[in-house]
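Content type mmCIF, C-alpha atoms, from the file structure_36.cif:
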```
data_my_file
loop_
_atom_site.label_atom_id
_atom_site.label_comp_id
_atom_site.auth_asym_id
_atom_site.auth_seq_id
_atom_site.Cartn_x
_atom_site.Cartn_y
_atom_site.Cartn_z
CA MET R 166 9.38 153.14 3.31
CA ILE R 167 10.08 152.00 6.83
CA SER R 168 8.48 148.82 8.03
CA LEU R 169 9.01 148.21 11.68
CA VAL R 170 6.92 147.45 14.68
CA GLU R 171 7.07 149.20 18.01
CA LYS R 172 5.27 149.15 21.29
CA GLU R 173 5.29 151.14 24.51
CA VAL R 174 5.37 148.91 27.56
CA LYS R 175 5.45 149.36 31.29
CA ILE R 176 8.06 147.27 33.07
CA GLU R 177 6.29 144.81 35.35
CA LEU R 178 9.40 142.90 36.42
CA GLU R 179 9.47 143.26 40.19
CA THR R 180 13.22 143.92 40.37
CA GLY R 181 13.50 146.01 37.26
CA LEU R 182 16.16 145.10 34.72
CA GLN R 183 18.98 144.25 37.08
CA ALA R 184 22.07 142.47 35.80
CA ARG R 185 20.62 138.96 35.63
CA PRO R 186 17.27 139.80 34.07
CA ALA R 187 19.09 142.15 31.70
CA ALA R 188 21.36 139.31 30.59
CA GLN R 189 18.33 137.06 30.05
CA PHE R 190 16.59 139.82 28.12
CA VAL R 191 19.60 140.25 25.83
CA GLN R 192 19.84 136.49 25.36
CA GLU R 193 16.18 136.46 24.38
CA ALA R 194 16.76 139.31 21.93
CA ASN R 195 19.73 137.57 20.35
CA ARG R 196 17.54 134.66 19.27
CA TYR R 197 16.05 136.82 16.56
CA SER R 198 17.63 138.12 13.42
CA SER R 199 15.64 141.39 13.44
CA HIS R 200 17.20 144.63 14.61
CA LEU R 201 15.84 145.22 18.08
CA PHE R 202 15.94 148.48 19.99
CA LEU R 203 14.78 149.77 23.31
CA GLU R 204 14.12 153.42 23.95
CA LYS R 205 13.84 155.22 27.27
CA ASP R 206 13.73 158.99 27.79
CA GLY R 207 14.84 159.58 24.22
CA LYS R 208 17.84 157.28 24.59
CA LYS R 209 17.76 154.43 22.13
CA ILE R 210 19.95 151.40 22.61
CA ASN R 211 20.43 148.09 20.84
CA ALA R 212 18.37 145.49 22.71
CA LYS R 213 20.96 142.84 21.87
CA SER R 214 23.67 144.66 23.80
CA ILE R 215 23.82 144.07 27.52
CA MET R 216 25.96 147.11 28.35
CA GLY R 217 23.62 149.46 26.55
CA LEU R 218 20.64 147.94 28.32
CA MET R 219 22.24 148.14 31.74
CA SER R 220 23.35 151.74 31.16
CA LEU R 221 19.68 152.74 31.19
CA ALA R 222 19.09 151.24 34.67
CA ILE R 223 15.47 150.38 33.91
CA THR R 224 13.34 150.07 37.03
CA HIS R 225 9.97 148.57 37.85
CA GLY R 226 7.07 150.68 36.67
CA GLU R 227 8.97 152.66 34.06
CA THR R 228 7.73 152.89 30.51
CA VAL R 229 9.99 151.99 27.62
CA LYS R 230 9.49 151.65 23.90
CA LEU R 231 10.48 148.43 22.18
CA ILE R 232 11.23 148.58 18.48
CA ALA R 233 11.77 145.64 16.12
CA ASP R 234 12.72 145.72 12.47
CA GLY R 235 13.43 142.70 10.32
CA PRO R 236 12.06 139.38 9.10
CA ASP R 237 10.86 138.10 12.48
CA GLU R 238 9.93 141.48 13.99
CA GLU R 239 6.42 140.50 15.11
CA THR R 240 7.43 137.45 17.14
CA ALA R 241 10.53 139.18 18.48
CA LEU R 242 8.53 142.14 19.72
CA ASN R 243 5.84 139.98 21.31
CA ASP R 244 8.45 137.87 23.01
CA LEU R 245 10.32 140.85 24.47
CA VAL R 246 7.11 142.53 25.59
CA GLN R 247 6.16 139.27 27.28
CA PHE R 248 9.52 139.22 29.03
CA VAL R 249 9.33 142.65 30.60
CA THR R 250 5.63 142.46 31.49
CA ASN R 251 6.05 139.13 33.27
CA LYS R 252 5.85 139.58 37.01
CA MET L 966 17.38 168.31 26.20
CA ALA L 967 19.20 168.87 29.44
CA ILE L 968 17.70 171.32 31.88
CA VAL L 969 20.11 173.70 33.56
CA ARG L 970 18.98 175.29 36.77
CA THR L 971 20.49 178.28 38.50
CA GLN L 972 21.53 175.91 41.27
CA ASP L 973 23.79 174.13 38.75
CA LEU L 974 25.64 177.39 38.10
CA LEU L 975 26.12 177.86 41.81
CA ASP L 976 27.51 174.30 42.11
CA HIS L 977 29.71 174.53 39.07
CA PHE L 978 31.16 178.02 39.37
CA ASN L 979 32.65 179.83 42.27
CA PHE L 980 29.67 182.15 42.66
CA LYS L 981 28.33 183.57 45.89
CA LEU L 982 24.59 183.70 46.39
CA VAL L 983 23.66 187.18 47.56
CA ALA L 984 19.86 187.22 47.27
CA GLY L 985 16.84 185.45 45.80
CA LYS L 986 17.46 182.00 47.27
CA ASP L 987 13.86 180.99 46.48
CA GLY L 988 14.54 181.04 42.75
CA LEU L 989 17.50 178.65 42.61
CA HIS L 990 15.33 175.98 40.98
CA ARG L 991 14.61 178.27 38.01
CA GLY L 992 15.49 176.84 34.64
CA ILE L 993 17.82 178.40 32.12
CA ILE L 994 16.58 177.77 28.60
CA GLU L 995 19.04 179.76 26.52
CA SER L 996 22.80 179.91 26.37
CA ASP L 997 22.70 183.61 25.44
CA ILE L 998 23.61 185.97 28.22
CA SER L 999 22.10 189.45 28.40
CA ARG L 1000 23.86 192.56 29.65
CA PRO L 1001 21.02 194.83 30.62
CA GLY L 1002 22.72 198.14 29.81
CA ILE L 1003 19.94 199.73 27.80
CA GLU L 1004 17.37 198.44 30.30
CA MET L 1005 19.13 200.40 33.03
CA THR L 1006 18.08 203.55 31.16
CA GLY L 1007 14.45 202.49 31.42
CA TYR L 1008 13.98 200.93 27.99
CA PHE L 1009 12.45 197.50 28.61
CA LYS L 1010 10.66 196.92 25.32
CA PHE L 1011 13.00 194.14 24.18
CA TYR L 1012 14.23 193.02 27.59
CA PRO L 1013 15.22 189.34 27.20
CA LYS L 1014 13.89 188.44 30.63
CA GLU L 1015 14.26 184.66 30.26
CA ARG L 1016 18.05 184.96 29.89
CA LEU L 1017 20.73 185.20 32.51
CA GLN L 1018 21.51 188.83 33.21
CA LEU L 1019 25.07 189.93 33.71
CA ILE L 1020 25.82 193.25 35.34
CA GLY L 1021 29.35 194.47 34.76
CA LYS L 1022 31.22 197.58 35.79
CA THR L 1023 29.56 199.88 33.22
CA GLU L 1024 25.99 198.81 33.98
CA MET L 1025 26.65 199.03 37.68
CA ALA L 1026 28.22 202.49 37.50
CA TYR L 1027 25.25 203.78 35.54
CA PHE L 1028 22.81 202.14 37.92
CA LEU L 1029 24.47 203.72 40.95
CA ASP L 1030 24.27 207.15 39.33
CA LEU L 1031 20.48 206.91 39.17
CA PRO L 1032 18.34 208.48 41.87
CA ILE L 1033 17.19 205.96 44.45
CA GLU L 1034 13.53 205.82 43.28
CA GLN L 1035 14.64 204.96 39.75
CA GLN L 1036 17.07 202.36 41.08
CA MET L 1037 14.19 200.67 42.86
CA GLU L 1038 11.96 200.84 39.80
CA ARG L 1039 14.60 199.44 37.39
CA ALA L 1040 15.63 196.71 39.83
CA HIS L 1041 12.01 195.71 40.10
CA GLN L 1042 11.66 195.59 36.30
CA LEU L 1043 14.84 193.53 35.93
CA CYS L 1044 13.61 190.89 38.37
CA THR L 1045 10.75 189.27 36.47
CA ASP L 1046 9.15 186.00 37.50
CA VAL L 1047 11.02 184.07 34.77
CA THR L 1048 14.49 185.61 35.01
CA PRO L 1049 16.80 182.74 35.96
CA GLY L 1050 19.37 184.91 37.65
CA ILE L 1051 21.40 188.09 37.80
CA ILE L 1052 25.17 187.83 37.95
CA ILE L 1053 27.32 190.62 39.27
CA SER L 1054 30.94 190.47 38.13
CA ARG L 1055 34.20 191.77 39.61
CA GLY L 1056 32.99 191.00 43.12
CA MET L 1057 31.11 194.31 43.18
CA GLU L 1058 28.87 195.05 46.09
CA VAL L 1059 25.22 194.43 45.22
CA PRO L 1060 23.10 197.58 45.74
CA GLU L 1061 20.25 197.36 48.23
CA PRO L 1062 17.45 197.98 45.67
CA ILE L 1063 18.55 194.95 43.62
CA ILE L 1064 18.71 192.74 46.71
CA THR L 1065 15.22 193.82 47.79
CA ALA L 1066 13.70 193.33 44.34
CA ALA L 1067 15.46 189.97 43.89
CA ASN L 1068 14.29 188.64 47.24
CA ARG L 1069 10.75 189.77 46.55
CA SER L 1070 10.43 188.03 43.17
CA GLY L 1071 12.83 185.16 43.82
CA VAL L 1072 15.51 185.95 41.26
CA PRO L 1073 18.86 184.58 42.43
CA VAL L 1074 21.61 187.18 42.51
CA LEU L 1075 25.06 185.65 42.14
CA GLN L 1076 28.30 187.42 42.72
CA SER L 1077 31.46 186.50 40.83
CA LYS L 1078 34.98 187.66 41.57
CA ARG L 1079 36.02 187.42 37.93
CA LYS L 1080 35.99 190.07 35.23
CA THR L 1081 32.87 190.43 33.09
CA THR L 1082 34.35 189.03 29.85
CA ARG L 1083 35.77 186.02 31.71
CA VAL L 1084 32.40 185.32 33.29
CA ILE L 1085 30.64 185.60 29.90
CA SER L 1086 33.00 183.22 28.12
CA ARG L 1087 32.97 180.63 30.89
CA LEU L 1088 29.21 180.75 31.27
CA THR L 1089 28.63 180.56 27.52
CA ASN L 1090 30.99 177.60 27.22
CA TYR L 1091 29.24 175.80 30.05
CA LEU L 1092 25.74 176.47 28.76
CA GLU L 1093 26.56 175.63 25.13
CA THR L 1094 27.93 172.28 26.26
CA LYS L 1095 24.81 171.60 28.29
CA PHE L 1096 22.46 172.59 25.48
CA ALA L 1097 24.36 170.74 22.73
CA PRO L 1098 22.17 168.26 20.82
CA SER L 1099 22.95 164.69 21.78
CA THR L 1100 22.22 161.11 20.85
CA ALA L 1101 23.32 157.60 21.76
CA ILE L 1102 24.87 155.16 19.34
CA HIS L 1103 25.53 151.44 19.50
CA GLY L 1104 29.27 151.09 19.14
CA VAL L 1105 32.61 151.23 20.87
CA LEU L 1106 34.70 154.37 21.17
CA VAL L 1107 38.46 154.13 21.52
CA ASP L 1108 41.31 156.61 21.44
CA ILE L 1109 44.06 155.33 19.15
CA TYR L 1110 47.19 157.50 19.10
CA GLY L 1111 44.98 160.47 19.90
CA VAL L 1112 42.47 159.70 17.15
CA GLY L 1113 38.94 159.02 18.36
CA VAL L 1114 37.65 155.98 16.48
CA LEU L 1115 34.03 154.88 16.75
CA ILE L 1116 33.77 151.16 15.98
CA THR L 1117 30.29 150.20 14.83
CA GLY L 1118 28.73 146.99 13.53
CA GLN L 1119 26.21 144.30 14.24
CA SER L 1120 25.89 142.81 17.68
CA GLY L 1121 28.37 139.95 18.09
CA ILE L 1122 30.68 140.97 15.25
CA GLY L 1123 33.58 141.58 17.63
CA LYS L 1124 33.62 145.26 18.51
CA SER L 1125 34.37 144.73 22.19
CA GLU L 1126 37.01 142.07 21.44
CA THR L 1127 38.69 144.50 19.07
CA ALA L 1128 38.59 147.18 21.76
CA LEU L 1129 40.16 144.78 24.24
CA GLU L 1130 43.00 144.03 21.86
CA LEU L 1131 43.47 147.75 21.26
CA VAL L 1132 43.62 148.42 25.00
CA LYS L 1133 46.20 145.61 25.26
CA ARG L 1134 48.21 147.43 22.63
CA GLY L 1135 48.27 150.55 24.80
CA HIS L 1136 45.30 152.48 23.47
CA GLN L 1137 42.46 153.89 25.51
CA LEU L 1138 38.88 152.78 25.94
CA VAL L 1139 36.24 155.50 26.10
CA ALA L 1140 32.95 153.62 25.91
CA ASP L 1141 31.81 150.08 25.20
CA ASP L 1142 28.56 149.14 23.51
CA SER L 1143 26.73 152.39 24.04
CA VAL L 1144 28.25 155.78 23.29
CA GLU L 1145 26.60 159.04 24.26
CA ILE L 1146 27.40 161.62 21.63
CA ARG L 1147 26.91 165.34 21.78
CA GLN L 1148 27.48 167.84 19.05
CA ALA L 1149 29.79 170.36 20.64
CA ASP L 1150 30.15 172.51 17.55
CA TYR L 1151 28.81 172.49 14.00
CA ASP L 1152 31.59 170.05 13.02
CA THR L 1153 32.56 168.38 16.29
CA LEU L 1154 31.16 165.30 17.98
CA ILE L 1155 32.24 164.34 21.48
CA GLY L 1156 31.58 160.82 22.75
CA ASN L 1157 31.44 159.60 26.33
CA PRO L 1158 30.19 156.48 28.10
CA PRO L 1159 26.88 156.41 29.96
CA PRO L 1160 28.03 157.01 33.58
CA LEU L 1161 26.81 153.61 34.80
CA ILE L 1162 29.04 151.60 32.47
CA GLU L 1163 32.15 153.77 32.54
CA TYR L 1164 35.43 151.78 32.16
CA LEU L 1165 33.53 148.53 31.62
CA LEU L 1166 33.84 146.15 28.72
CA GLU L 1167 31.70 143.12 28.01
CA ILE L 1168 33.43 140.15 26.45
CA ARG L 1169 31.40 137.07 25.50
CA GLY L 1170 32.56 134.21 27.67
CA LEU L 1171 34.23 136.42 30.26
CA GLY L 1172 31.40 138.71 31.15
CA ILE L 1173 31.90 142.25 32.35
CA ILE L 1174 35.46 143.35 33.02
CA ASN L 1175 36.75 146.62 34.41
CA VAL L 1176 39.39 147.94 32.05
CA MET L 1177 40.59 150.62 34.46
CA THR L 1178 41.40 148.25 37.32
CA LEU L 1179 42.78 145.57 34.98
CA PHE L 1180 44.98 147.74 32.77
CA GLY L 1181 45.47 150.90 34.80
CA ALA L 1182 44.38 154.52 34.73
CA GLY L 1183 46.22 155.08 31.45
CA SER L 1184 43.96 152.68 29.58
CA VAL L 1185 40.76 154.69 29.80
CA ARG L 1186 39.41 158.10 28.91
CA LYS L 1187 36.27 159.91 30.03
CA PHE L 1188 35.43 161.49 26.67
CA LYS L 1189 36.92 161.92 23.24
CA LYS L 1190 36.26 163.79 20.02
CA ILE L 1191 35.24 161.35 17.30
CA SER L 1192 37.44 161.57 14.22
CA PHE L 1193 36.20 158.68 12.12
CA ILE L 1194 34.00 155.62 12.11
CA ALA L 1195 35.21 152.07 11.50
CA ASN L 1196 32.23 149.93 10.57
CA LEU L 1197 32.76 146.18 10.93
CA GLU L 1198 30.62 143.97 8.74
CA GLN L 1199 30.40 140.33 7.84
CA TRP L 1200 32.46 139.68 4.71
CA ASP L 1201 30.05 139.72 1.80
CA GLU L 1202 31.42 137.93 -1.29
CA THR L 1203 29.13 139.88 -3.57
CA LYS L 1204 30.17 143.27 -2.25
CA GLN L 1205 33.07 145.35 -3.52
CA TYR L 1206 35.43 146.58 -0.83
CA ASP L 1207 37.71 149.55 -1.20
CA ARG L 1208 41.03 148.23 -2.50
CA LEU L 1209 42.82 151.51 -3.08
CA GLY L 1210 41.67 153.84 -0.35
CA ILE L 1211 40.91 156.74 -2.64
CA GLU L 1212 37.14 156.66 -2.29
CA HIS L 1213 35.79 158.54 0.67
CA GLN L 1214 32.70 157.30 2.41
CA LYS L 1215 30.92 159.46 4.96
CA MET L 1216 28.41 158.81 7.66
CA LYS L 1217 26.15 161.44 9.16
CA ILE L 1218 25.59 161.67 12.90
CA MET L 1219 23.35 164.59 13.80
CA ASP L 1220 24.64 167.41 11.53
CA VAL L 1221 28.20 166.15 11.24
CA HIS L 1222 29.57 164.06 8.38
CA LEU L 1223 32.34 161.77 9.58
CA PRO L 1224 34.72 159.74 7.42
CA LEU L 1225 33.70 156.08 7.36
CA VAL L 1226 35.87 153.02 6.73
CA THR L 1227 34.10 149.73 6.15
CA ILE L 1228 36.12 146.79 7.36
CA PRO L 1229 34.98 143.33 6.29
CA VAL L 1230 35.35 140.70 9.00
CA ARG L 1231 36.64 137.22 8.24
CA PRO L 1232 38.46 134.72 10.43
CA GLY L 1233 42.16 135.41 10.32
CA ARG L 1234 41.91 139.16 9.88
CA ASN L 1235 43.37 140.96 12.85
CA LEU L 1236 40.85 143.74 13.29
CA ALA L 1237 42.75 145.57 16.03
CA VAL L 1238 45.81 145.97 13.83
CA ILE L 1239 43.71 147.04 10.86
CA ILE L 1240 41.88 149.68 12.88
CA GLU L 1241 45.11 150.83 14.48
CA VAL L 1242 46.65 151.31 11.06
CA ALA L 1243 43.49 153.04 9.85
CA ALA L 1244 43.93 155.52 12.70
CA MET L 1245 47.59 156.09 11.87
CA ASN L 1246 46.70 156.51 8.21
CA TYR L 1247 44.07 159.06 9.21
CA ARG L 1248 46.72 161.02 11.10
CA LEU L 1249 49.03 160.84 8.13
CA LYS L 1250 46.31 162.22 5.88
CA GLN L 1251 45.72 165.05 8.35
CA MET L 1252 49.42 165.86 7.99
CA GLY L 1253 49.01 165.98 4.23
CA LEU L 1254 50.40 162.57 3.32
CA ASN L 1255 48.02 160.37 1.40
CA ALA L 1256 49.68 157.10 0.38
CA ALA L 1257 46.83 155.97 -1.83
CA LYS L 1258 46.64 159.24 -3.71
CA GLU L 1259 50.41 159.52 -4.11
CA PHE L 1260 50.58 156.02 -5.49
CA THR L 1261 47.73 156.49 -7.96
CA ASP L 1262 49.31 159.74 -9.14
CA ARG L 1263 52.65 157.99 -9.61
CA LEU L 1264 51.01 155.16 -11.52
CA ALA L 1265 49.17 157.64 -13.73
CA ASN L 1266 52.43 159.45 -14.47
CA VAL L 1267 54.27 156.26 -15.46
CA ILE L 1268 51.43 155.17 -17.73
CA GLU L 1269 51.26 158.60 -19.34
CA GLU L 1270 55.01 158.67 -19.95
CA LYS L 1271 55.02 155.20 -21.45
CA GLY L 1272 52.16 156.19 -23.70
CA ARG L 1273 54.10 159.21 -24.90
CA GLU L 1274 57.25 157.10 -25.57
CA ASN L 1275 55.25 154.60 -27.58
CA MET L 1276 53.78 157.42 -29.65
CA GLU L 1277 57.23 158.72 -30.55
#
```
If you convert what's in this file into structure tokens, what do you get?
Amino acid sequence: MISLVEKEVKIELETGLQARPAAQFVQEANRYSSHLFLEKDGKKINAKSIMGLMSLAITHGETVKLIADGPDEETALNDLVQFVTNK
Amino acid sequence: MAIVRTQDLLDHFNFKLVAGKDGLHRGIIESDISRPGIEMTGYFKFYPKERLQLIGKTEMAYFLDLPIEQQMERAHQLCTDVTPGIIISRGMEVPEPIITAANRSGVPVLQSKRKTTRVISRLTNYLETKFAPSTAIHGVLVDIYGVGVLITGQSGIGKSETALELVKRGHQLVADDSVEIRQADYDTLIGNPPPLIEYLLEIRGLGIINVMTLFGAGSVRKFKKISFIANLEQWDETKQYDRLGIEHQKMKIMDVHLPLVTIPVRPGRNLAVIIEVAAMNYRLKQMGLNAAKEFTDRLANVIEEKGRENME
């Protein structure tokens, strides 16, 4: 049985995930003990890893899937969704 | 899956575009290449029209022997609206009927100077690589004495720091944090970095560093076959770790099972040295020398002998 939560979100951040926002995103993700992933175009990366995140070059308006799995998955997912949908 | 267009072939190989410029955007969906010999005779029942067509000396000679009306008819049948391209080998002149038909239906006709078999093998190689299944994995890939080691483990466990130490020791970094992996063959996995983060390493406290400019061109690699996986994990007192090295763990990535070594992390353990030795040990095993097995065999022999002496 797999218990995880996931959500498709559109990136609302005006600048996209440039270096600074990406670093903040990863910092956010690292506050949780759940396994967190981000998927774009079939490429899935660890949301706690800045290099992986930056390698996707996520821009404004793109849709990504956020996946959380672990004890605090619900709050982690909500928090990350909040982060990328914040203008 | 990657999409290969006829334009890509033109860019990648030394082909000359002779006709059908309009169809350069056509997609190639199969790595198989068809040699339309039987079709030249007029039998089109099983014509694999969605494949690349390769016309060699034999096909061409037969085609040229046909009366002109038949040439036109066959050329027209060869150039369907999905055919991604027709390649003519040996730099042979392309007959007028083929050029006309190709221009009309937008099938690119490419001319190669090479021999037919050469063209087939190079094209197949290229297409198979492009169509290989691929995935991305969170980990660090390094080349240690020619052995591709994929270091995996939780975020913050020290993968990048280990890679840095390994680079310092003269080994090569392939990819940090995110490794793109494609299955090149039924038993081969090739890893490379995502293009954007090539040569880069992220170290907590330092930030992003460029390994190539810091340590030189010899300290990096663009891709590497993965030989085994070293998984770093927090030392768990309740867990049993391999003490002998005779048990073989495996990890499956796509269809390939790779040997897996689990390395428990604890302050004071020099991970770079341990992984370096693991790589050397792997090489030794490939050469037929297995220290753990030799030792256990020796121990078994001594115990057996002693047992026999005691019996006597």
request  = Compile the contact shell of R:Glu238 as a list in words: residues with an atom at most 8 Å away, counting all atoms listed in the file, same-chain residues fewer than 2 positions apart removed.
outcome  =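 Counting only the stated atoms, we get Leu169, Val170, Ser199, His200, Ala233, Asp234, Gly235, Pro236, Thr240, Ala241 and Leu242 of chain R.
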key: Using all atoms listed in the file: which of L:Gln1137, L:Thr1006, L:Thr1089, L:Thr1100 has the shortest distance to chain R   = L:Thr1100
Residues matched by the PyMOL selection byres ((chain R) within 12 of (chain L)) as a ChimeraX atom specification = /R:184-185,188,191-192,194-223
query = For the file shown, what are the residues hit by the PyMOL selection byres ((chain L and resi 985) around 10), laid out as a VMD selection string?
reply = chain L and resid 982 to 984 986 to 989 1044 1050 to 1051 1063 to 1075
key: Selection: 8 Å around stretch 1010-1018 of chain L, all atoms listed in the file, excl. self and same-chain fewer than 4 positions, as number ranges by chain   = L: 993-1001, 1004, 1043, 1045, 1047-1052
Chain and number of each residue from the PyMOL selection byres ((chain L and resi 1125) around 7), as an NGL selection string = :L and (1105 or 1123-1124 or 1126-1129 or 1141 or 1166-1168)
Could you list as a PDB file with C-alpha atoms, keeping the file's coordinate frame every residue that has an atom within 7 Å of (10.1, 146.8, 34.9), using the file's coordinates and counting all atoms listed in the file?
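Final output, saved to point.pdb:
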```
ATOM      1  CA  LYS R 175       5.450 149.360  31.290  1.00  0.00           C
ATOM      2  CA  ILE R 176       8.060 147.270  33.070  1.00  0.00           C
ATOM      3  CA  GLU R 177       6.290 144.810  35.350  1.00  0.00           C
ATOM      4  CA  LEU R 178       9.400 142.900  36.420  1.00  0.00           C
ATOM      5  CA  GLU R 179       9.470 143.260  40.190  1.00  0.00           C
ATOM      6  CA  THR R 180      13.220 143.920  40.370  1.00  0.00           C
ATOM      7  CA  GLY R 181      13.500 146.010  37.260  1.00  0.00           C
ATOM      8  CA  LEU R 182      16.160 145.100  34.720  1.00  0.00           C
ATOM      9  CA  ILE R 223      15.470 150.380  33.910  1.00  0.00           C
ATOM     10  CA  THR R 224      13.340 150.070  37.030  1.00  0.00           C
ATOM     11  CA  HIS R 225       9.970 148.570  37.850  1.00  0.00           C
ATOM     12  CA  GLY R 226       7.070 150.680  36.670  1.00  0.00           C
ATOM     13  CA  GLU R 227       8.970 152.660  34.060  1.00  0.00           C
ATOM     14  CA  VAL R 249       9.330 142.650  30.600  1.00  0.00           C
TER      15      VAL R 249
END
```
message = Ranking L:Gly1156, L:His1136, L:Ser1086, L:Val1185 by minimum distance to L:Ala1237 and counting all atoms listed in the file, which one comes first?
response =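 Distance minimum relative to L:Ala1237 lands on L:His1136.
The coordinates place atom CA of R:Val174 at 6.2 Å from atom CA of R:Lys230.
Picture a line from atom CA of L:Ser1192 to atom CA of R:Ile232; it runs 29.6 Å.
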task = Would you list the contacts of L:Ile1155 as an MDAnalysis selection string, taking every protein, DNA or RNA residue within 7 Å and counting all atoms listed in the file, but skipping same-chain residues closer than 4 positions in sequence?
result = chainID L and resid 1146:1149 1188:1191
request  = Could you please determine the separation between atom CA of L:Glu1058 and atom CA of L:Leu1088 in Å, to one decimal place?
outcome  =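 Between atom CA of L:Glu1058 and atom CA of L:Leu1088 the gap is 20.6 Å.
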task = Would you kindly identify which residues have an atom no farther than 7 Å from (37.7, 154.6, 33.1), using all atoms listed in the file and the file's own coordinates, and write them out as a ChimeraX atom specification?
result = /L:1163-1164,1176-1177,1182,1185-1187
request  = Write out as a count of residues only the residues lying within 10 Å of R:Asn243, counting all atoms listed in the file and excluding same-chain residues fewer than 4 positions away.
outcome  = 8
query = Nearest to L:Val1221: which of L:Gly1135, L:Pro1098, L:Gly1181, L:Gly1233 is it, counting all atoms listed in the file?
reply =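 Closest to L:Val1221, using all atoms listed in the file: L:Pro1098.
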